[in-house]
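File shown here: data_7.txt, holding compact mmCIF, C-alpha atoms.
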```txt
# COMPACT_ATOMS: atom_id res chain seq x y z
CA MET P 1 84.65 -26.76 12.28
CA HIS P 2 81.08 -26.15 11.10
CA ASP P 3 82.16 -23.08 9.17
CA LEU P 4 84.89 -25.00 7.37
CA LEU P 5 82.61 -27.87 6.34
CA LYS P 6 79.97 -25.41 5.23
CA GLN P 7 82.57 -23.51 3.21
CA TYR P 8 83.78 -26.69 1.47
CA ILE P 9 80.24 -27.62 0.48
CA ASP P 10 79.20 -24.08 -0.49
CA GLU P 11 82.25 -23.57 -2.69
CA GLY P 12 81.93 -27.00 -4.26
CA ARG P 13 85.31 -28.10 -2.90
CA ILE P 14 83.73 -31.34 -1.76
CA LYS P 15 80.87 -33.24 -3.38
CA LEU P 16 78.41 -35.33 -1.41
CA ASP P 17 76.29 -38.30 -2.34
CA LYS P 18 72.91 -38.31 -0.59
CA SER P 19 72.11 -41.85 -1.65
CA VAL P 20 74.57 -43.28 0.91
CA HIS P 21 72.39 -42.32 3.89
CA THR P 22 68.68 -42.85 3.33
CA HIS P 23 67.46 -43.58 6.87
CA LEU P 24 65.51 -41.02 8.86
CA THR P 25 68.19 -38.96 10.57
CA THR P 26 68.19 -36.64 13.57
CA TYR P 27 70.73 -34.23 14.99
CA HIS P 28 71.88 -33.76 18.59
CA ASP P 29 72.78 -30.22 19.71
CA PRO P 30 75.85 -30.37 21.99
CA CYS P 31 75.77 -27.80 24.79
CA ASN P 32 79.18 -26.40 23.87
CA TYR P 33 78.41 -25.66 20.21
CA GLY P 34 74.93 -24.39 21.07
CA ARG P 35 74.03 -22.69 24.32
CA LYS P 36 77.57 -22.09 25.54
CA SER P 37 78.89 -20.82 22.23
CA GLU P 38 75.90 -18.50 22.04
CA ARG P 39 76.55 -17.15 25.53
CA THR P 40 80.34 -16.90 25.19
CA PHE P 41 80.77 -15.82 21.58
CA GLY P 42 77.34 -14.47 20.67
CA HIS P 43 76.69 -17.21 18.12
CA GLY P 44 75.26 -20.66 18.73
CA TYR P 45 75.95 -23.28 16.06
CA TYR P 46 72.39 -24.52 15.55
CA GLU P 47 71.69 -24.02 11.85
CA GLU P 48 75.08 -24.85 10.30
CA PRO P 49 75.24 -28.50 11.45
CA ARG P 50 71.59 -29.05 10.46
CA TRP P 51 72.32 -27.69 7.01
CA ILE P 52 75.45 -29.84 6.67
CA THR P 53 73.55 -32.93 7.82
CA GLN P 54 70.86 -32.25 5.24
CA GLN P 55 73.45 -31.96 2.49
CA CYS P 56 74.11 -35.64 3.23
CA CYS P 57 70.62 -36.84 4.19
CA ASP P 58 67.29 -35.86 2.65
CA ASN P 59 65.34 -37.62 5.34
CA PHE P 60 65.73 -35.43 8.42
CA VAL P 61 63.76 -34.89 11.62
CA ASP P 62 64.46 -32.65 14.62
CA MET P 63 64.15 -33.75 18.21
CA TYR P 64 61.90 -31.82 20.53
CA PRO P 65 62.91 -29.62 22.22
CA ASN P 66 65.98 -28.62 20.20
CA ARG P 67 68.58 -25.93 19.62
CA ALA P 68 69.03 -23.79 22.77
CA ASN P 69 66.45 -25.86 24.65
CA ASN P 70 67.94 -29.21 23.77
CA PHE P 71 68.67 -31.69 26.54
CA CYS P 72 72.25 -32.69 27.29
CA CYS P 73 73.31 -36.22 26.30
CA GLY P 74 74.16 -36.81 29.97
CA ALA P 75 77.92 -37.09 29.56
CA GLY P 76 78.80 -33.40 29.39
CA GLY P 77 81.19 -31.65 31.71
CA GLY P 78 83.56 -34.60 31.71
CA ALA P 79 80.93 -37.04 33.01
CA TRP P 80 82.07 -39.57 30.40
CA ALA P 81 85.43 -39.73 32.17
CA ALA P 82 84.05 -39.38 35.72
CA PRO P 83 83.19 -42.35 37.95
CA TYR P 84 79.45 -41.61 38.34
CA ASN P 85 78.18 -44.04 35.72
CA GLU P 86 74.79 -44.71 37.25
CA GLU P 87 74.01 -41.01 37.44
CA ARG P 88 75.27 -40.46 33.88
CA ILE P 89 72.96 -43.15 32.52
CA TYR P 90 70.03 -41.88 34.59
CA TYR P 91 70.69 -38.39 33.24
CA GLY P 92 70.62 -39.77 29.67
CA ARG P 93 67.09 -41.15 29.98
CA VAL P 94 65.67 -37.79 28.80
CA LYS P 95 67.93 -37.76 25.76
CA ALA P 96 67.06 -41.37 24.96
CA LYS P 97 63.36 -40.58 25.01
CA GLN P 98 63.88 -37.53 22.79
CA ILE P 99 65.73 -39.71 20.27
CA LYS P 100 63.17 -42.52 20.31
CA ASP P 101 60.29 -40.08 19.87
CA THR P 102 61.72 -38.93 16.52
CA GLY P 103 61.63 -42.44 15.05
CA ALA P 104 65.06 -41.76 13.53
CA HIS P 105 67.46 -44.62 12.78
CA MET P 106 70.54 -42.44 12.51
CA LEU P 107 71.82 -39.74 14.84
CA ILE P 108 74.48 -37.16 14.06
CA ALA P 109 76.59 -35.62 16.83
CA PRO P 110 79.40 -33.12 16.25
CA CYS P 111 80.95 -33.73 19.68
CA HIS P 112 83.13 -36.60 20.95
CA ASN P 113 81.50 -36.73 24.37
CA CYS P 114 77.93 -36.73 23.07
CA ARG P 115 78.73 -39.31 20.40
CA ASP P 116 80.34 -41.68 22.91
CA GLN P 117 77.53 -41.34 25.44
CA ILE P 118 74.79 -41.94 22.86
CA MET P 119 76.59 -44.62 20.82
CA LYS P 120 78.36 -46.58 23.55
CA SER P 121 75.98 -46.14 26.47
CA LEU P 122 72.44 -44.91 25.76
CA ARG P 123 71.92 -47.28 22.79
CA LYS P 124 72.56 -50.23 25.06
CA GLU P 125 70.91 -48.96 28.24
CA TYR P 126 67.70 -47.77 26.58
CA ASP P 127 67.17 -50.44 23.89
CA MET P 128 68.18 -48.42 20.86
CA GLU P 129 70.59 -50.90 19.27
CA TYR P 130 68.98 -50.12 15.90
CA LEU P 131 70.31 -46.55 16.04
CA GLU P 132 73.38 -45.69 13.99
CA VAL P 133 75.46 -42.87 15.50
CA LYS P 134 77.99 -40.82 13.56
CA TYR P 135 80.10 -37.75 14.05
CA LEU P 136 79.07 -34.91 11.77
CA TRP P 137 82.44 -35.16 10.01
CA GLU P 138 82.07 -38.93 9.77
CA LEU P 139 78.77 -38.44 7.97
CA VAL P 140 80.44 -36.02 5.57
CA ALA P 141 83.45 -38.32 5.04
CA ASP P 142 81.17 -41.29 4.35
CA SER P 143 79.16 -39.24 1.83
CA LEU P 144 82.16 -37.94 -0.11
CA ILE P 145 82.45 -38.42 -3.82
CA ILE P 146 86.22 -38.38 -4.11
CA GLU P 147 87.92 -37.97 -7.41
CA PRO P 148 91.43 -39.35 -6.76
CA ARG P 149 94.11 -36.88 -7.73
CA GLU P 150 97.23 -37.55 -9.70
CA VAL P 151 100.09 -38.35 -7.32
CA GLU P 152 102.21 -35.59 -8.92
CA SER P 153 99.72 -32.88 -7.97
CA GLU P 154 100.48 -33.60 -4.29
CA GLU P 155 104.02 -32.29 -4.69
CA GLU P 156 103.58 -28.58 -4.77
CA MET Z 157 77.41 -24.71 63.00
CA ASP Z 158 77.72 -20.98 63.79
CA PRO Z 159 74.93 -18.68 62.72
CA LEU Z 160 75.79 -16.69 59.60
CA LEU Z 161 75.15 -12.97 59.48
CA LEU Z 162 73.95 -12.30 55.95
CA SER Z 163 74.66 -8.62 56.41
CA LYS Z 164 78.39 -9.16 56.62
CA HIS Z 165 79.21 -12.48 55.06
CA GLU Z 166 82.73 -13.08 53.88
CA LYS Z 167 83.73 -12.71 50.29
CA ARG Z 168 82.28 -15.54 48.22
CA LYS Z 169 84.44 -18.50 47.42
CA LEU Z 170 82.58 -19.30 44.25
CA ALA Z 171 82.52 -17.34 41.01
CA THR Z 172 79.01 -15.95 40.85
CA GLN Z 173 78.09 -12.32 40.61
CA PHE Z 174 74.35 -12.72 40.48
CA ALA Z 175 73.37 -15.49 42.90
CA ASP Z 176 71.75 -12.82 45.12
CA LEU Z 177 69.26 -12.10 42.36
CA CYS Z 178 67.79 -15.62 42.49
CA LEU Z 179 64.01 -15.53 42.96
CA THR Z 180 63.97 -19.20 44.04
CA CYS Z 181 61.43 -19.86 41.27
CA GLY Z 182 62.92 -23.27 40.41
CA THR Z 183 62.81 -22.88 36.62
CA CYS Z 184 66.43 -24.06 36.56
CA ALA Z 185 65.75 -27.25 38.52
CA GLY Z 186 62.47 -27.92 36.71
CA GLY Z 187 64.22 -28.51 33.38
CA CYS Z 188 67.26 -30.41 34.67
CA PRO Z 189 67.55 -34.19 34.25
CA VAL Z 190 69.50 -34.66 37.50
CA THR Z 191 67.12 -32.80 39.77
CA GLY Z 192 66.53 -35.06 42.77
CA VAL Z 193 69.77 -37.03 42.62
CA ASP Z 194 71.35 -36.93 46.11
CA ASP Z 195 68.24 -34.95 47.12
CA MET Z 196 69.88 -32.00 45.38
CA ASP Z 197 69.12 -29.68 42.49
CA VAL Z 198 70.56 -26.51 41.03
CA ARG Z 199 68.09 -24.26 42.86
CA LYS Z 200 69.27 -25.71 46.16
CA ALA Z 201 72.88 -25.22 45.06
CA VAL Z 202 72.20 -21.49 44.63
CA ARG Z 203 70.55 -21.33 48.06
CA MET Z 204 73.61 -23.03 49.56
CA VAL Z 205 75.87 -20.39 48.06
CA VAL Z 206 73.72 -17.47 49.14
CA LEU Z 207 73.32 -18.85 52.66
CA GLY Z 208 77.00 -19.46 53.26
CA LEU Z 209 77.17 -23.20 52.63
CA GLU Z 210 79.70 -22.88 49.84
CA GLN Z 211 82.19 -25.34 51.30
CA GLU Z 212 79.41 -27.90 51.70
CA LEU Z 213 78.59 -27.49 48.02
CA ILE Z 214 82.25 -27.83 47.05
CA ASP Z 215 82.49 -31.03 49.08
CA SER Z 216 79.29 -32.50 47.63
CA ARG Z 217 78.96 -34.65 44.50
CA PHE Z 218 76.50 -32.25 42.92
CA PRO Z 219 78.88 -30.00 40.90
CA TRP Z 220 80.27 -33.18 39.30
CA ILE Z 221 76.99 -34.98 38.66
CA CYS Z 222 75.73 -31.84 36.96
CA THR Z 223 77.08 -31.93 33.38
CA LEU Z 224 77.46 -28.14 33.11
CA CYS Z 225 75.15 -28.26 30.08
CA GLY Z 226 73.78 -24.80 30.83
CA ARG Z 227 70.10 -25.48 30.27
CA CYS Z 228 69.34 -24.05 33.73
CA GLU Z 229 71.26 -20.87 33.03
CA HIS Z 230 69.60 -20.46 29.63
CA ALA Z 231 66.18 -20.65 31.28
CA CYS Z 232 66.91 -18.52 34.37
CA PRO Z 233 64.69 -15.40 34.28
CA MET Z 234 67.21 -13.47 36.40
CA GLY Z 235 70.32 -14.41 34.42
CA VAL Z 236 72.05 -16.00 37.39
CA ASP Z 237 75.49 -17.22 36.32
CA LEU Z 238 74.89 -20.83 37.34
CA LEU Z 239 77.58 -22.39 35.16
CA ALA Z 240 80.38 -20.19 36.44
CA MET Z 241 79.20 -20.92 39.96
CA LEU Z 242 79.14 -24.70 39.57
CA ARG Z 243 82.36 -24.89 37.57
CA SER Z 244 84.18 -22.82 40.17
CA ALA Z 245 82.92 -25.27 42.82
CA ARG Z 246 84.77 -27.97 40.88
CA GLY Z 247 87.86 -25.79 40.75
CA LYS Z 248 87.84 -25.39 44.54
CA ARG Z 249 88.20 -29.15 45.08
CA GLU Z 250 91.66 -30.24 46.10
CA ARG Z 251 93.20 -31.70 42.96
CA ASP Z 252 93.70 -35.16 44.47
CA LYS Z 253 89.97 -35.25 45.23
CA VAL Z 254 88.83 -34.54 41.67
CA PRO Z 255 86.68 -37.56 40.72
CA GLY Z 256 87.93 -40.22 38.30
CA VAL Z 257 90.66 -39.67 35.73
CA LEU Z 258 89.89 -36.05 34.90
CA HIS Z 259 92.70 -34.40 36.82
CA LYS Z 260 95.11 -37.21 35.95
CA GLY Z 261 94.42 -36.39 32.31
CA VAL Z 262 95.09 -32.70 32.88
CA ALA Z 263 98.35 -33.43 34.70
CA MET Z 264 99.40 -35.87 31.96
CA CYS Z 265 98.66 -33.29 29.28
CA ILE Z 266 100.72 -30.64 31.04
CA LYS Z 267 103.58 -33.13 31.37
CA THR Z 268 103.53 -34.91 27.99
CA GLY Z 269 101.41 -32.77 25.66
CA ASN Z 270 98.44 -35.12 25.53
CA ASN Z 271 95.93 -36.54 28.04
CA VAL Z 272 96.98 -40.16 27.72
CA GLY Z 273 100.75 -39.71 27.48
CA ILE Z 274 101.35 -41.03 23.97
CA PRO Z 275 105.08 -40.57 23.20
CA LYS Z 276 106.01 -38.51 20.16
CA ASP Z 277 107.68 -41.41 18.32
CA ASP Z 278 104.68 -43.69 18.77
CA PHE Z 279 102.36 -40.95 17.58
CA LEU Z 280 104.37 -40.26 14.44
CA TYR Z 281 104.72 -43.97 13.71
CA LEU Z 282 100.95 -44.42 14.00
CA LEU Z 283 100.23 -41.50 11.67
CA ASP Z 284 102.70 -42.87 9.15
CA ASP Z 285 101.09 -46.29 9.30
CA LEU Z 286 97.55 -44.98 8.93
CA SER Z 287 98.39 -42.59 6.14
CA ALA Z 288 100.03 -45.42 4.19
CA GLU Z 289 96.78 -47.37 4.60
CA LEU Z 290 94.69 -44.47 3.41
CA ALA Z 291 97.01 -43.83 0.46
CA GLU Z 292 95.90 -47.17 -0.99
CA GLU Z 293 92.43 -45.69 -1.31
CA LEU Z 294 93.45 -42.07 -1.95
CA PRO Z 295 96.53 -41.84 -4.17
CA GLY Z 296 99.24 -39.57 -2.80
CA PHE Z 297 97.64 -39.15 0.62
CA THR Z 298 99.98 -38.21 3.49
CA VAL Z 299 99.49 -36.56 6.87
CA PRO Z 300 101.56 -33.36 6.72
CA ILE Z 301 103.50 -32.96 9.99
CA ASP Z 302 104.60 -29.52 11.25
CA LYS Z 303 104.14 -28.07 7.77
CA LYS Z 304 104.96 -24.39 7.87
CA GLY Z 305 102.52 -22.16 6.03
CA ALA Z 306 99.72 -24.74 5.96
CA ARG Z 307 96.31 -23.06 5.92
CA VAL Z 308 94.60 -25.37 8.42
CA LEU Z 309 96.03 -26.63 11.72
CA LEU Z 310 94.17 -29.77 12.83
CA THR Z 311 94.20 -30.81 16.49
CA ILE Z 312 93.52 -34.40 17.50
CA ASN Z 313 91.45 -35.91 20.30
CA SER Z 314 93.87 -38.25 22.09
CA LYS Z 315 91.23 -40.96 22.49
CA GLU Z 316 91.57 -41.57 18.74
CA PRO Z 317 95.29 -42.42 18.50
CA PHE Z 318 94.84 -44.19 21.85
CA GLY Z 319 91.85 -46.38 21.07
CA GLU Z 320 90.04 -45.52 17.83
CA PRO Z 321 92.80 -44.61 15.38
CA ASP Z 322 90.78 -45.22 12.21
CA ASP Z 323 88.39 -42.44 13.26
CA MET Z 324 91.11 -39.91 12.47
CA LYS Z 325 90.65 -40.77 8.82
CA PHE Z 326 87.25 -39.05 8.58
CA TRP Z 327 88.77 -35.59 8.72
CA TRP Z 328 91.77 -36.66 6.65
CA LYS Z 329 89.47 -37.80 3.84
CA ILE Z 330 87.57 -34.53 3.87
CA LEU Z 331 90.78 -32.48 3.81
CA TYR Z 332 92.10 -34.59 0.95
CA ALA Z 333 88.87 -34.29 -1.02
CA ALA Z 334 88.83 -30.50 -0.54
CA ASN Z 335 92.47 -30.34 -1.67
CA GLU Z 336 93.20 -28.40 1.52
CA SER Z 337 96.60 -27.28 2.71
CA TRP Z 338 96.72 -28.62 6.28
CA THR Z 339 98.98 -29.93 9.01
CA VAL Z 340 99.14 -31.84 12.29
CA THR Z 341 101.79 -30.97 14.86
CA SER Z 342 104.25 -33.53 16.20
CA GLU Z 343 103.93 -32.11 19.73
CA ASN Z 344 101.09 -30.58 21.72
CA TRP Z 345 98.50 -31.81 19.23
CA GLU Z 346 95.90 -32.56 21.93
CA GLY Z 347 92.54 -30.94 21.17
CA VAL Z 348 90.91 -32.06 24.42
CA ASN Z 349 91.15 -29.66 27.34
CA TRP Z 350 89.94 -31.25 30.56
CA GLY Z 351 90.80 -28.16 32.58
CA LEU Z 352 87.44 -26.95 31.29
CA PHE Z 353 85.78 -29.76 33.24
CA THR Z 354 87.92 -29.68 36.38
CA GLY Z 355 87.59 -25.90 36.85
CA ASP Z 356 91.34 -25.56 36.37
CA ASP Z 357 91.79 -22.26 34.53
CA GLU Z 358 95.55 -22.23 34.77
CA SER Z 359 96.04 -25.62 33.09
CA MET Z 360 93.37 -24.81 30.55
CA LYS Z 361 95.21 -21.65 29.59
CA GLU Z 362 98.52 -23.50 29.33
CA VAL Z 363 97.05 -26.11 26.95
CA VAL Z 364 95.37 -23.46 24.78
CA GLY Z 365 98.60 -21.44 24.79
CA ARG Z 366 100.54 -24.39 23.36
CA ILE Z 367 98.10 -24.75 20.48
CA VAL Z 368 98.29 -21.02 19.79
CA LYS Z 369 102.10 -21.23 19.83
CA ASN Z 370 102.07 -24.03 17.23
CA TYR Z 371 99.54 -22.11 15.17
CA LYS Z 372 101.65 -18.97 15.16
CA GLU Z 373 105.00 -20.68 14.59
CA LEU Z 374 103.61 -22.61 11.63
CA GLU Z 375 101.89 -19.47 10.31
CA CYS Z 376 98.52 -21.17 9.86
CA ASP Z 377 95.30 -19.31 9.03
CA TYR Z 378 92.66 -21.61 10.40
CA LEU Z 379 92.45 -23.67 13.58
CA LEU Z 380 90.38 -26.82 13.20
CA LEU Z 381 89.55 -28.12 16.67
CA PRO Z 382 86.84 -30.72 16.26
CA GLU Z 383 85.75 -31.41 19.82
```

Mind turning the file's structure into structure tokens?
Amino acid sequence: MHDLLKQYIDEGRIKLDKSVHTHLTTYHDPCNYGRKSERTFGHGYYEEPRWITQQCCDNFVDMYPNRANNFCCGAGGGAWAAPYNEERIYYGRVKAKQIKDTGAHMLIAPCHNCRDQIMKSLRKEYDMEYLEVKYLWELVADSLIIEPREVESEEE
Amino acid sequence: MDPLLLSKHEKRKLATQFADLCLTCGTCAGGCPVTGVDDMDVRKAVRMVVLGLEQELIDSRFPWICTLCGRCEHACPMGVDLLAMLRSARGKRERDKVPGVLHKGVAMCIKTGNNVGIPKDDFLYLLDDLSAELAEELPGFTVPIDKKGARVLLTINSKEPFGEPDDMKFWWKILYAANESWTVTSENWEGVNWGLFTGDDESMKEVVGRIVKNYKELECDYLLLPE
């Protein structure tokens, strides 16, 4: 996923407009793309999503701690679909503080679970209604400069 | 409770090779946001395993309240395989005692090809509808279904067709803009694999196997699984 987006940008197959997203933006490291990918496959996706985010947003700040030491959103391991809501929200207090401490108004998450927990739960529970949350691919899609193709070129 | 002879304890129930190496330093629990919930923490979980209280751990809420994020394991100075241990504790739960909808989702996926049981006709109708909408903005846009020889096979998170269908358009727009050759499959398109969370290796393997089968049959080069 990260490799494909990076490839599209690198090769100029997609063009991005940085003026769409001007707010201070931070990035959340999901455990599966980071620590677990690193342990399982020998490569953690830490730098690629940061690079992609910064191709869309000039105004970027990291949370602390980050990358392999990042805190879980609180909904990992299926907790978003499990019945322990109180515990899930309690867990997320650390993530919420990390986010607030950056001063960012937009957060990018490349994971469905993390995005749902932060956007649909932590924003409300920890008074962060000002925070805009997007998937990494949503950020890219919203930044696209699309030159519409001729209909004929679709029929190959 | 009978005393346990550590010298000849039975074979472990849980999947950990290195729990014996634990120094009880507590680095794991010190950096974990759920330390203290239920008066438990990951250091105590390791002690339970080493001291023969594995069934008690399996029966407790702890392996499920833990999010398997792996921060503890990353920090452990002895490299104890904490994630494998806790996930296997989930797997040892009887399936009808798995909390919430997680196992129901797994069973539904095995039965219907996706976690929420969307029928094939409804799915195809929805894609048709959405792609017609998007074509108003992007001339000639369609969602290619079961297209043999497509470069990219895109899986879909079932929560999107179920509840947030417009969110599927983000990837579609990118693939259109990049002029990519891509496809979605009409069956077994689910990208979510809850067997990962329920410790159910067999179901997990089955779901992955179906994606691989689609990928091979359609002769794709690239699997795009945005989870």

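Coordinates place atom CA of P:Ile145 at a distance of 29.0 Å from atom CA of Z:Lys304.
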
Given the choices Z:Ile367, Z:Leu239, Z:Val340, Z:Ile301, which gets closest to chain P if the distance is worked out from all atoms listed in the file?
-> Z:Leu239

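Minimum distance to Z:Asp302 across Z:Val257, Z:Leu280, Z:Leu209, Z:Ile221 (counting all atoms listed in the file) occurs at Z:Leu280.
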
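Using all atoms listed in the file, the nearest neighbour of Z:Asn349 within the list Z:Leu290, Z:Ala334, Z:Leu379, Z:Ile266 is Z:Ile266.
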
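Restricting the calculation to all atoms listed in the file, the smallest distance between Z:Asp237 and any of P:Arg67, P:Arg39, P:Lys6, P:His21 is found for P:Arg39.
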
Go through chain Z residue by residue and, counting only C-alpha atoms, keep those with an atom at most 7 Å from chain P; for each kept residue give the shortest atom pair and its distance in Å to one decimal, ordered by chain and increasing number, as a tab-separated table.
```
residue	atom	partner	partner_atom	distance
Z:Pro189	CA	P:Tyr91	CA	5.3
Z:Val190	CA	P:Tyr91	CA	5.8
Z:Ile221	CA	P:Glu87	CA	6.8
Z:Thr223	CA	P:Gly77	CA	4.4
Z:Leu224	CA	P:Gly77	CA	5.3
Z:Cys225	CA	P:Cys31	CA	5.3
Z:Gly226	CA	P:Arg35	CA	6.8
Z:Arg227	CA	P:Asn69	CA	6.7
Z:Pro255	CA	P:Ala82	CA	5.9
Z:Gly256	CA	P:Ala82	CA	4.7
Z:Val257	CA	P:Ala81	CA	6.3
Z:Leu258	CA	P:Ala81	CA	6.4
Z:Leu294	CA	P:Pro148	CA	5.9
Z:Pro295	CA	P:Val151	CA	5.9
Z:Gly296	CA	P:Val151	CA	4.8
Z:Phe326	CA	P:Ala141	CA	5.2
Z:Trp327	CA	P:Trp137	CA	6.5
Z:Lys329	CA	P:Ala141	CA	6.2
Z:Ile330	CA	P:Ala141	CA	5.7
Z:Ala333	CA	P:Ile146	CA	5.8
Z:Ala334	CA	P:Arg13	CA	4.9
Z:Phe353	CA	P:Gly77	CA	5.2
Z:Leu380	CA	P:Met1	CA	5.8
Z:Leu381	CA	P:Met1	CA	6.7
Z:Pro382	CA	P:Met1	CA	6.0
Z:Glu383	CA	P:Cys111	CA	5.3
```

Residue list as JSON, numbers by chain for point (68.3, -42.1, 16.3), cut-off 12 Å, all atoms listed in the file | {"P": [23, 24, 25, 26, 27, 28, 60, 61, 62, 63, 95, 96, 97, 98, 99, 100, 101, 102, 103, 104, 105, 106, 107, 108, 109, 115, 118, 119, 122, 123, 126, 127, 128, 129, 130, 131, 132, 133, 134]}

Write a file of the selected residues as an mmCIF file, in the frame of the given file, keeping C-alpha atoms.
```
data_model
loop_
_atom_site.group_PDB
_atom_site.id
_atom_site.type_symbol
_atom_site.label_atom_id
_atom_site.label_comp_id
_atom_site.auth_asym_id
_atom_site.auth_seq_id
_atom_site.Cartn_x
_atom_site.Cartn_y
_atom_site.Cartn_z
ATOM 1 C CA HIS P 23 67.460 -43.580 6.870
ATOM 2 C CA LEU P 24 65.510 -41.020 8.860
ATOM 3 C CA THR P 25 68.190 -38.960 10.570
ATOM 4 C CA THR P 26 68.190 -36.640 13.570
ATOM 5 C CA TYR P 27 70.730 -34.230 14.990
ATOM 6 C CA HIS P 28 71.880 -33.760 18.590
ATOM 7 C CA PHE P 60 65.730 -35.430 8.420
ATOM 8 C CA VAL P 61 63.760 -34.890 11.620
ATOM 9 C CA ASP P 62 64.460 -32.650 14.620
ATOM 10 C CA MET P 63 64.150 -33.750 18.210
ATOM 11 C CA LYS P 95 67.930 -37.760 25.760
ATOM 12 C CA ALA P 96 67.060 -41.370 24.960
ATOM 13 C CA LYS P 97 63.360 -40.580 25.010
ATOM 14 C CA GLN P 98 63.880 -37.530 22.790
ATOM 15 C CA ILE P 99 65.730 -39.710 20.270
ATOM 16 C CA LYS P 100 63.170 -42.520 20.310
ATOM 17 C CA ASP P 101 60.290 -40.080 19.870
ATOM 18 C CA THR P 102 61.720 -38.930 16.520
ATOM 19 C CA GLY P 103 61.630 -42.440 15.050
ATOM 20 C CA ALA P 104 65.060 -41.760 13.530
ATOM 21 C CA HIS P 105 67.460 -44.620 12.780
ATOM 22 C CA MET P 106 70.540 -42.440 12.510
ATOM 23 C CA LEU P 107 71.820 -39.740 14.840
ATOM 24 C CA ILE P 108 74.480 -37.160 14.060
ATOM 25 C CA ALA P 109 76.590 -35.620 16.830
ATOM 26 C CA ARG P 115 78.730 -39.310 20.400
ATOM 27 C CA ILE P 118 74.790 -41.940 22.860
ATOM 28 C CA MET P 119 76.590 -44.620 20.820
ATOM 29 C CA LEU P 122 72.440 -44.910 25.760
ATOM 30 C CA ARG P 123 71.920 -47.280 22.790
ATOM 31 C CA TYR P 126 67.700 -47.770 26.580
ATOM 32 C CA ASP P 127 67.170 -50.440 23.890
ATOM 33 C CA MET P 128 68.180 -48.420 20.860
ATOM 34 C CA GLU P 129 70.590 -50.900 19.270
ATOM 35 C CA TYR P 130 68.980 -50.120 15.900
ATOM 36 C CA LEU P 131 70.310 -46.550 16.040
ATOM 37 C CA GLU P 132 73.380 -45.690 13.990
ATOM 38 C CA VAL P 133 75.460 -42.870 15.500
ATOM 39 C CA LYS P 134 77.990 -40.820 13.560
#
```
